[in-house]
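Quick notes on the structure that follows.
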Amino acid sequence: MSETANQKPQWAMVIDLDRCTGCEACVVACKVENNIPSSEEGSSRGRSINWIRIERYFEGEFPDVRVKFRPVLCQHCEEAPCEPVCPVYATYHTEEGLNAQVYNRCVGTRYCANNCPYSVRFFNFFAPHWDAPLDKALNPEVSIRTTGVMEKCTFCIQRIRKGEEKARDENRAVRDGDVVPACVGSCPTRAMYFGNIADPESEVSRLSRSNRAERLFEDLGTKPRVIYLSKQD
Amino acid sequence: MKRLAKALILLIAVIIVSGFVLMDVFGKPEAPVQPVEYSHWQHVTKEDGPRLECTFCHEHADKSAHATIPNISTCMLCHESIQTESAEVQKLAAFASRGEQPAWVRVYWFEREANAYFTHKPHIRAGVSCQECHGDIGSMQRVRREVNQSMSWCIDCHAQKNVSNDCYVCHR
């Protein structure tokens, strides 16, 4: 018991694709939580910022068509391809298995984004801007990134810190429900789960052992920390 | 040659003086003038004073991220009847009667560009005393910034106390 309590939690996410309806509530929640400006500027050239996006796949011929949705966010790979290419150590792996981005260190080489197979790293081509009254709704616990730095999903680090602090107050290890990232909390079909994968009792740990579990581009050897569940044919 | 030396000395003097002026205007003033001349020494250290605990006024220091500056109603708990003849207390009472809060000037803070998110609670839980980071405020009349809270200073203490120095502990 004491060993698991001393060990740092290892954060992971499970997304049940059979439950996802592609409503994009997670996308909106993420933007609001993490101070991501909604701007059309440069979006036609792929310069808009979405830490999480919904990918659509169409299967079959009309009229017998099925649509499949897949929310894609930073996979927090255990062997992250973005990390070794950073010349200034602005992206690195934390003890909790998070792929961290340090804005103050970033010099904007964009090597990391080019080396990311999931296209989940975003460069700030423009100065962030919010039309009134949205500028009054910024989250004070999240940095506002400036022009010229990379940014990406943090698994809502501000909520992780809060959850860990709560667990510490109650003198126990973190458990399910302590940390709920914005996307997970907003999902109306509860397709997303978040928790400590090092704890064999946790929901994510249990679901990751399911025979429906798969990881995105597993053959690349990136060892993603986001696990997708879907019906296996 | 003598004229040149004179001009050079004058130039250096101007640069130094303007440097100090600019630092006062744009930099962090070390001991900013407060709307009410509140003396920490009188309230905390003085022999026959009330000898208040830090958390009597900064009551959220051990409960939240921010130590918080008290509402003026906390001051008026005592100053409704104590020291009412003092000019500064009368200033305070005037604020209270108008239903306003004095615009206290910050002494310690991190710039927004630092992207640092300090939280008081875990530090106080870990037994860090207020004075370690804020200097001996209790002996000051007007609060003066005594500790240079640089990042290396944070890191040194974390390393000494065996606390994680992971970037994500403070920066998000």
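Ligands are numbered from 1 in the order shown, residues from 1 within each chain, and chains are lettered A, B, ... in the order they appear in the structure tokens.
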
- Item | At most 8 Å to chain A: residues in chain B, only C-alpha atoms, as a count of residues only | 10

- Item | Long-range neighbours of Glu164 of chain A as a list in words, 12 Å cut-off, only C-alpha atoms, 4 positions minimum in chain | Ala5, Lys8, Pro9, Gln10, Trp11, Glu96, Ile157, Gln158, Arg159, Ile160, Arg168, Asp169, Glu170, Asn171, Arg172, Ala173, Val174, Arg175, Asp176, Gly177, Asp178, Val179, Val180, Gly195 and Asn196 of chain A; Pro122 and Val169 of chain B

Output file for the residues above (N, CA and C atoms, as a PDB file, in the first residue's frame):
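Result file is out25.pdb:
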```
ATOM      1  N   ALA A   5       1.330   4.480  -2.643  1.00  0.00           N
ATOM      2  CA  ALA A   5       1.027   5.838  -2.185  1.00  0.00           C
ATOM      3  C   ALA A   5       2.187   6.779  -2.476  1.00  0.00           C
ATOM      4  N   LYS A   8       4.415   8.210  -7.903  1.00  0.00           N
ATOM      5  CA  LYS A   8       3.657   9.257  -8.593  1.00  0.00           C
ATOM      6  C   LYS A   8       2.570   8.612  -9.444  1.00  0.00           C
ATOM      7  N   PRO A   9       1.385   9.205  -9.476  1.00  0.00           N
ATOM      8  CA  PRO A   9       0.338   8.652 -10.335  1.00  0.00           C
ATOM      9  C   PRO A   9       0.747   8.740 -11.813  1.00  0.00           C
ATOM     10  N   GLN A  10       0.326   7.787 -12.578  1.00  0.00           N
ATOM     11  CA  GLN A  10       0.614   7.784 -14.012  1.00  0.00           C
ATOM     12  C   GLN A  10      -0.691   8.042 -14.757  1.00  0.00           C
ATOM     13  N   TRP A  11      -0.798   9.240 -15.316  1.00  0.00           N
ATOM     14  CA  TRP A  11      -2.079   9.650 -15.874  1.00  0.00           C
ATOM     15  C   TRP A  11      -2.304   9.066 -17.261  1.00  0.00           C
ATOM     16  N   GLU A  96       5.052  12.057 -13.939  1.00  0.00           N
ATOM     17  CA  GLU A  96       3.699  11.518 -13.938  1.00  0.00           C
ATOM     18  C   GLU A  96       3.269  11.053 -15.322  1.00  0.00           C
ATOM     19  N   ILE A 157      -3.474  20.139 -16.703  1.00  0.00           N
ATOM     20  CA  ILE A 157      -2.529  20.070 -15.589  1.00  0.00           C
ATOM     21  C   ILE A 157      -3.034  20.833 -14.368  1.00  0.00           C
ATOM     22  N   GLN A 158      -3.767  21.944 -14.614  1.00  0.00           N
ATOM     23  CA  GLN A 158      -4.280  22.727 -13.469  1.00  0.00           C
ATOM     24  C   GLN A 158      -5.276  21.900 -12.672  1.00  0.00           C
ATOM     25  N   ARG A 159      -6.051  21.067 -13.341  1.00  0.00           N
ATOM     26  CA  ARG A 159      -7.024  20.225 -12.621  1.00  0.00           C
ATOM     27  C   ARG A 159      -6.318  19.035 -11.963  1.00  0.00           C
ATOM     28  N   ILE A 160      -5.256  18.557 -12.599  1.00  0.00           N
ATOM     29  CA  ILE A 160      -4.479  17.472 -11.986  1.00  0.00           C
ATOM     30  C   ILE A 160      -3.881  17.943 -10.670  1.00  0.00           C
ATOM     31  N   ARG A 168      -4.001  14.838  -1.169  1.00  0.00           N
ATOM     32  CA  ARG A 168      -2.993  15.019  -0.133  1.00  0.00           C
ATOM     33  C   ARG A 168      -3.636  15.541   1.160  1.00  0.00           C
ATOM     34  N   ASP A 169      -4.612  16.444   0.996  1.00  0.00           N
ATOM     35  CA  ASP A 169      -5.340  16.969   2.159  1.00  0.00           C
ATOM     36  C   ASP A 169      -6.006  15.852   2.929  1.00  0.00           C
ATOM     37  N   GLU A 170      -6.571  14.899   2.171  1.00  0.00           N
ATOM     38  CA  GLU A 170      -7.286  13.803   2.821  1.00  0.00           C
ATOM     39  C   GLU A 170      -6.346  12.643   3.130  1.00  0.00           C
ATOM     40  N   ASN A 171      -5.046  12.863   2.891  1.00  0.00           N
ATOM     41  CA  ASN A 171      -4.022  11.897   3.257  1.00  0.00           C
ATOM     42  C   ASN A 171      -4.252  10.524   2.633  1.00  0.00           C
ATOM     43  N   ARG A 172      -4.477  10.518   1.345  1.00  0.00           N
ATOM     44  CA  ARG A 172      -4.690   9.262   0.636  1.00  0.00           C
ATOM     45  C   ARG A 172      -4.111   9.388  -0.766  1.00  0.00           C
ATOM     46  N   ALA A 173      -4.055   8.257  -1.480  1.00  0.00           N
ATOM     47  CA  ALA A 173      -3.594   8.290  -2.863  1.00  0.00           C
ATOM     48  C   ALA A 173      -4.728   8.803  -3.744  1.00  0.00           C
ATOM     49  N   VAL A 174      -4.367   9.306  -4.931  1.00  0.00           N
ATOM     50  CA  VAL A 174      -5.420   9.787  -5.830  1.00  0.00           C
ATOM     51  C   VAL A 174      -6.280   8.611  -6.278  1.00  0.00           C
ATOM     52  N   ARG A 175      -7.562   8.903  -6.476  1.00  0.00           N
ATOM     53  CA  ARG A 175      -8.451   7.845  -6.943  1.00  0.00           C
ATOM     54  C   ARG A 175      -9.331   8.407  -8.054  1.00  0.00           C
ATOM     55  N   ASP A 176     -10.119   7.515  -8.659  1.00  0.00           N
ATOM     56  CA  ASP A 176     -10.987   7.947  -9.755  1.00  0.00           C
ATOM     57  C   ASP A 176     -11.886   9.079  -9.295  1.00  0.00           C
ATOM     58  N   GLY A 177     -12.036  10.075 -10.154  1.00  0.00           N
ATOM     59  CA  GLY A 177     -12.916  11.186  -9.824  1.00  0.00           C
ATOM     60  C   GLY A 177     -12.203  12.380  -9.229  1.00  0.00           C
ATOM     61  N   ASP A 178     -10.958  12.192  -8.774  1.00  0.00           N
ATOM     62  CA  ASP A 178     -10.211  13.327  -8.237  1.00  0.00           C
ATOM     63  C   ASP A 178      -9.847  14.313  -9.341  1.00  0.00           C
ATOM     64  N   VAL A 179      -9.459  13.764 -10.470  1.00  0.00           N
ATOM     65  CA  VAL A 179      -9.043  14.608 -11.587  1.00  0.00           C
ATOM     66  C   VAL A 179      -9.973  14.360 -12.771  1.00  0.00           C
ATOM     67  N   VAL A 180     -10.656  15.395 -13.186  1.00  0.00           N
ATOM     68  CA  VAL A 180     -11.538  15.295 -14.349  1.00  0.00           C
ATOM     69  C   VAL A 180     -11.167  16.406 -15.321  1.00  0.00           C
ATOM     70  N   GLY A 195      -7.647   8.782 -15.449  1.00  0.00           N
ATOM     71  CA  GLY A 195      -7.224   8.329 -14.133  1.00  0.00           C
ATOM     72  C   GLY A 195      -5.795   7.833 -14.119  1.00  0.00           C
ATOM     73  N   ASN A 196      -5.473   7.183 -13.010  1.00  0.00           N
ATOM     74  CA  ASN A 196      -4.123   6.706 -12.752  1.00  0.00           C
ATOM     75  C   ASN A 196      -3.997   5.274 -13.245  1.00  0.00           C
TER      76      ASN A 196
ATOM     77  N   PRO B 122       0.316  24.409  -0.014  1.00  0.00           N
ATOM     78  CA  PRO B 122       1.277  23.315   0.173  1.00  0.00           C
ATOM     79  C   PRO B 122       2.567  23.757   0.854  1.00  0.00           C
ATOM     80  N   VAL B 169       5.503  21.520 -11.937  1.00  0.00           N
ATOM     81  CA  VAL B 169       5.067  21.775 -10.559  1.00  0.00           C
ATOM     82  C   VAL B 169       4.620  23.230 -10.426  1.00  0.00           C
TER      83      VAL B 169
END
```

For Ala65 of chain B: contacts at 6 Å, only C-alpha atoms, fewer than 2 positions along chain excluded, given as a short mmCIF file (atom, residue, chain, number, x, y, z; two decimals) with N, CA, C and O atoms, in the first residue's frame:
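Output (result.cif):
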```cif
data_model
loop_
_atom_site.label_atom_id
_atom_site.label_comp_id
_atom_site.auth_asym_id
_atom_site.auth_seq_id
_atom_site.Cartn_x
_atom_site.Cartn_y
_atom_site.Cartn_z
N THR B 119 1.32 28.46 -5.15
CA THR B 119 0.20 28.25 -4.23
C THR B 119 0.74 28.25 -2.80
O THR B 119 1.73 27.59 -2.50
N HIS B 120 0.09 29.01 -1.94
CA HIS B 120 0.55 29.13 -0.55
C HIS B 120 0.37 27.83 0.23
O HIS B 120 1.23 27.41 0.98
N LYS B 121 -0.81 27.22 0.06
CA LYS B 121 -1.21 26.12 0.95
C LYS B 121 -0.15 25.02 1.10
O LYS B 121 0.27 24.73 2.22
#
```

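Among B:Val143, B:Leu92, B:Gln160, B:Asp62, the residue with the shortest atom-to-atom distance to Gly127 of chain B, counting only C-alpha atoms, is B:Asp62.
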
- Spatial neighbours of Lys152 of chain A, max dist 9 Å, only C-alpha atoms, sep filter under 2 positions, as a ChimeraX atom specification: /A:49-52,73-74,100-101,120-123,150,154

For the selection you just gave me, I'd like the residues written to a file as a JSON list (two decimals), in the first residue's frame, keeping N, CA, C and O atoms.
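The file below, part13.json, is the result:
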```
[["chain", "number", "residue", "atom", "x", "y", "z"],
["A", 49, "ILE", "N", -5.85, 26.61, -33.65],
["A", 49, "ILE", "CA", -5.39, 25.78, -32.54],
["A", 49, "ILE", "C", -6.56, 25.00, -31.95],
["A", 49, "ILE", "O", -7.58, 25.58, -31.57],
["A", 50, "ASN", "N", -6.44, 23.70, -31.93],
["A", 50, "ASN", "CA", -7.43, 22.84, -31.28],
["A", 50, "ASN", "C", -6.68, 21.74, -30.56],
["A", 50, "ASN", "O", -6.17, 20.82, -31.19],
["A", 51, "TRP", "N", -6.64, 21.82, -29.25],
["A", 51, "TRP", "CA", -5.90, 20.80, -28.51],
["A", 51, "TRP", "C", -6.56, 19.44, -28.67],
["A", 51, "TRP", "O", -5.93, 18.41, -28.57],
["A", 52, "ILE", "N", -7.88, 19.45, -28.88],
["A", 52, "ILE", "CA", -8.58, 18.20, -29.16],
["A", 52, "ILE", "C", -9.45, 18.43, -30.38],
["A", 52, "ILE", "O", -10.00, 19.51, -30.56],
["A", 73, "LEU", "N", -6.40, 13.88, -29.33],
["A", 73, "LEU", "CA", -5.71, 14.89, -28.52],
["A", 73, "LEU", "C", -4.28, 14.41, -28.34],
["A", 73, "LEU", "O", -3.93, 13.34, -28.85],
["A", 74, "CYS", "N", -3.47, 15.17, -27.64],
["A", 74, "CYS", "CA", -2.10, 14.73, -27.40],
["A", 74, "CYS", "C", -2.14, 13.37, -26.73],
["A", 74, "CYS", "O", -2.84, 13.18, -25.74],
["A", 100, "ALA", "N", 5.14, 17.30, -21.31],
["A", 100, "ALA", "CA", 4.98, 18.70, -20.90],
["A", 100, "ALA", "C", 5.58, 19.64, -21.92],
["A", 100, "ALA", "O", 6.55, 19.31, -22.61],
["A", 101, "GLN", "N", 5.00, 20.81, -22.00],
["A", 101, "GLN", "CA", 5.51, 21.86, -22.87],
["A", 101, "GLN", "C", 5.81, 23.08, -21.99],
["A", 101, "GLN", "O", 4.92, 23.56, -21.30],
["A", 120, "VAL", "N", -0.92, 16.94, -33.11],
["A", 120, "VAL", "CA", -1.64, 17.53, -31.99],
["A", 120, "VAL", "C", -0.84, 18.64, -31.32],
["A", 120, "VAL", "O", -1.16, 19.07, -30.23],
["A", 121, "ARG", "N", 0.22, 19.09, -31.99],
["A", 121, "ARG", "CA", 0.98, 20.22, -31.45],
["A", 121, "ARG", "C", 0.70, 21.43, -32.31],
["A", 121, "ARG", "O", 0.62, 21.33, -33.52],
["A", 122, "PHE", "N", 0.54, 22.57, -31.67],
["A", 122, "PHE", "CA", 0.11, 23.76, -32.40],
["A", 122, "PHE", "C", 1.05, 24.91, -32.14],
["A", 122, "PHE", "O", 1.45, 25.16, -31.01],
["A", 123, "PHE", "N", 1.35, 25.61, -33.20],
["A", 123, "PHE", "CA", 2.24, 26.75, -33.11],
["A", 123, "PHE", "C", 1.40, 28.02, -33.07],
["A", 123, "PHE", "O", 0.41, 28.13, -33.79],
["A", 150, "MET", "N", 5.06, 26.91, -29.05],
["A", 150, "MET", "CA", 4.24, 25.73, -29.28],
["A", 150, "MET", "C", 3.29, 25.53, -28.11],
["A", 150, "MET", "O", 3.63, 25.87, -26.98],
["A", 154, "THR", "N", -2.49, 19.49, -22.18],
["A", 154, "THR", "CA", -1.70, 19.22, -20.97],
["A", 154, "THR", "C", -2.38, 18.19, -20.09],
["A", 154, "THR", "O", -1.95, 17.97, -18.96]]
```

- Would you kindly return, as a PyMOL selection string, each protein, DNA or RNA residue with an atom no farther than 10 Å from any atom of Pro87 of chain A, considering only C-alpha atoms and excluding same-chain residues fewer than 6 positions away? chain A and resi 106-107+109+111-112

- Item | One-decimal distance in Å that lies between atom CA of Ala137 of chain A and atom CA of Glu40 of chain A |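 Separation between atom CA of Glu40 of chain A and atom CA of Ala137 of chain A: 19.3 Å.
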
Could you pull out the alpha helix (DSSP H) residues of segment 36-134 of chain A from DSSP and send them as a compact mmCIF listing (two decimals) with N, CA and C atoms, in the first residue's frame?
```
# COMPACT_ATOMS: atom_id res chain seq x y z
N TYR A 111 10.08 21.89 -34.64
CA TYR A 111 10.52 20.52 -34.94
C TYR A 111 9.55 19.52 -34.33
N CYS A 112 9.09 19.81 -33.09
CA CYS A 112 8.24 18.86 -32.38
C CYS A 112 6.95 18.60 -33.14
N ALA A 113 6.34 19.67 -33.66
CA ALA A 113 5.08 19.51 -34.37
C ALA A 113 5.29 18.69 -35.64
N ASN A 114 6.44 18.91 -36.29
CA ASN A 114 6.72 18.16 -37.51
C ASN A 114 7.02 16.71 -37.23
```

- Item | Between atom CA of Gln7 of chain A and atom CA of Ile197 of chain A - distance in Å to one decimal |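 Straight-line distance from atom CA of Ile197 of chain A to atom CA of Gln7 of chain A works out to 11.9 Å.
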
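For Ala67 of chain B, the residues within 7 Å (counting only C-alpha atoms, excluding itself and residues fewer than 6 positions away along the chain) are His58, Glu59, His60, Ala61 and His120 of chain B.
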
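For the set A:Ile36, A:Ala29, A:Val149, A:Ala12, the residue with the smallest atom-to-atom gap to Asn124 of chain A is A:Val149, counting only C-alpha atoms.
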
- The distance between atom CA of Phe58 of chain A and atom CA of Gly22 of chain A is 12.7 Å

- Task: Apply DSSP to the backbone of this structure and, from chain A, keep only the residues in strand (DSSP E); write these as a ChimeraX atom specification.
- Result: /A:11-16,53-59,66-72,91-93,99-101,122-123,150-151,192-196,213-214,226-229

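With only C-alpha atoms taken into account, the protein and nucleic acid residues at most 10 Å from His43 of chain B (excluding it and anything under 3 positions from it in its own chain) are B:Tyr38, B:Ser39, B:His40, B:Lys46, B:Glu47, B:Asp48, B:Gly49, B:Pro50, B:Arg51, B:Leu52, B:Glu53, B:Cys54, B:Gly138, B:Ser139, B:Gln141.
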
Based on the selection just made, write all heavy atoms of those residues as a tab-separated table (two decimals), in the first residue's frame.
```tsv
chain	number	residue	atom	x	y	z
B	38	TYR	N	-0.08	51.33	7.19
B	38	TYR	CA	-0.24	50.23	8.14
B	38	TYR	C	1.14	49.74	8.56
B	38	TYR	O	1.99	49.49	7.70
B	38	TYR	CB	-1.04	49.10	7.48
B	38	TYR	CG	-1.10	47.84	8.29
B	38	TYR	CD1	-2.03	47.70	9.31
B	38	TYR	CD2	-0.21	46.79	8.04
B	38	TYR	CE1	-2.07	46.54	10.06
B	38	TYR	CE2	-0.25	45.64	8.80
B	38	TYR	CZ	-1.17	45.52	9.80
B	38	TYR	OH	-1.24	44.38	10.55
B	39	SER	N	1.35	49.59	9.87
B	39	SER	CA	2.64	49.11	10.34
B	39	SER	C	2.51	47.67	10.83
B	39	SER	O	1.76	47.39	11.77
B	39	SER	CB	3.14	50.00	11.48
B	39	SER	OG	4.11	49.29	12.22
B	40	HIS	N	3.25	46.77	10.18
B	40	HIS	CA	3.22	45.37	10.64
B	40	HIS	C	3.85	45.25	12.02
B	40	HIS	O	3.41	44.47	12.84
B	40	HIS	CB	3.94	44.46	9.63
B	40	HIS	CG	3.07	44.03	8.48
B	40	HIS	ND1	2.86	44.81	7.39
B	40	HIS	CD2	2.33	42.91	8.29
B	40	HIS	CE1	2.06	44.19	6.54
B	40	HIS	NE2	1.71	43.03	7.06
B	46	LYS	N	5.43	44.53	18.37
B	46	LYS	CA	5.48	45.50	19.47
B	46	LYS	C	5.05	44.84	20.78
B	46	LYS	O	4.07	44.10	20.84
B	46	LYS	CB	4.55	46.67	19.14
B	46	LYS	CG	4.78	47.88	19.99
B	46	LYS	CD	3.78	48.96	19.59
B	46	LYS	CE	3.82	50.11	20.56
B	46	LYS	NZ	2.67	51.00	20.34
B	47	GLU	N	5.85	45.17	21.85
B	47	GLU	CA	5.67	44.52	23.15
B	47	GLU	C	4.22	44.59	23.66
B	47	GLU	O	3.62	43.59	24.00
B	47	GLU	CB	6.61	45.20	24.18
B	47	GLU	CG	8.03	44.67	24.13
B	47	GLU	CD	8.13	43.21	24.54
B	47	GLU	OE1	7.59	42.86	25.60
B	47	GLU	OE2	8.75	42.42	23.79
B	48	ASP	N	3.69	45.82	23.72
B	48	ASP	CA	2.33	45.95	24.27
B	48	ASP	C	1.28	46.04	23.16
B	48	ASP	O	0.20	46.56	23.37
B	48	ASP	CB	2.26	47.17	25.19
B	48	ASP	CG	2.76	48.43	24.49
B	48	ASP	OD1	3.42	48.28	23.44
B	48	ASP	OD2	2.49	49.54	24.98
B	49	GLY	N	1.64	45.54	21.96
B	49	GLY	CA	0.68	45.54	20.86
B	49	GLY	C	-0.21	44.31	20.92
B	49	GLY	O	-0.12	43.51	21.86
B	50	PRO	N	-1.04	44.14	19.92
B	50	PRO	CA	-1.93	42.97	19.91
B	50	PRO	C	-1.21	41.66	19.57
B	50	PRO	O	-1.76	40.59	19.82
B	50	PRO	CB	-2.97	43.33	18.85
B	50	PRO	CG	-2.30	44.31	17.96
B	50	PRO	CD	-1.30	45.04	18.78
B	51	ARG	N	0.00	41.73	19.03
B	51	ARG	CA	0.81	40.55	18.67
B	51	ARG	C	0.00	39.52	17.88
B	51	ARG	O	-0.20	38.38	18.31
B	51	ARG	CB	1.41	39.92	19.93
B	51	ARG	CG	2.37	40.85	20.63
B	51	ARG	CD	3.02	40.20	21.82
B	51	ARG	NE	4.38	40.69	21.98
B	51	ARG	CZ	5.47	39.99	21.64
B	51	ARG	NH1	5.37	38.80	21.14
B	51	ARG	NH2	6.65	40.50	21.81
B	52	LEU	N	-0.45	39.96	16.71
B	52	LEU	CA	-1.31	39.11	15.89
B	52	LEU	C	-0.50	38.03	15.17
B	52	LEU	O	0.67	38.22	14.86
B	52	LEU	CB	-2.02	39.97	14.83
B	52	LEU	CG	-2.91	41.09	15.36
B	52	LEU	CD1	-3.44	41.91	14.19
B	52	LEU	CD2	-4.08	40.54	16.16
B	53	GLU	N	-1.14	36.91	14.91
B	53	GLU	CA	-0.57	35.88	14.05
B	53	GLU	C	-0.74	36.34	12.60
B	53	GLU	O	-1.69	37.08	12.30
B	53	GLU	CB	-1.36	34.57	14.22
B	53	GLU	CG	-1.19	33.89	15.55
B	53	GLU	CD	0.16	33.20	15.65
B	53	GLU	OE1	0.67	32.76	14.60
B	53	GLU	OE2	0.69	33.14	16.77
B	54	CYS	N	0.15	35.86	11.68
B	54	CYS	CA	0.03	36.25	10.27
B	54	CYS	C	-1.35	35.88	9.74
B	54	CYS	O	-1.99	36.63	9.00
B	54	CYS	CB	1.10	35.56	9.43
B	54	CYS	SG	2.77	35.92	9.94
B	138	GLY	N	7.34	41.27	10.17
B	138	GLY	CA	6.87	41.68	11.48
B	138	GLY	C	7.64	42.84	12.08
B	138	GLY	O	7.15	43.53	12.97
B	139	SER	N	8.88	43.06	11.61
B	139	SER	CA	9.66	44.15	12.19
B	139	SER	C	9.63	45.39	11.30
B	139	SER	O	10.32	46.37	11.57
B	139	SER	CB	11.11	43.69	12.37
B	139	SER	OG	11.67	43.47	11.10
B	141	GLN	N	7.97	48.72	9.40
B	141	GLN	CA	6.89	49.70	9.48
B	141	GLN	C	6.11	49.65	8.18
B	141	GLN	O	4.95	49.27	8.17
B	141	GLN	CB	7.46	51.11	9.70
B	141	GLN	CG	8.18	51.28	11.02
B	141	GLN	CD	7.24	51.37	12.20
B	141	GLN	OE1	6.03	51.48	12.04
B	141	GLN	NE2	7.77	51.31	13.40
```

- Among the residues B:Lys2, B:Arg106, B:His123, B:His134, the one that comes closest to Thr68 of chain B [using only C-alpha atoms]: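 Comparing B:Lys2, B:Arg106, B:His123, B:His134 against Thr68 of chain B, the winner is B:Arg106.
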
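Nearest residue to Ile137 of chain B among B:Thr74, B:Tyr108, B:Thr84, B:Leu4 is B:Tyr108, counting only C-alpha atoms.
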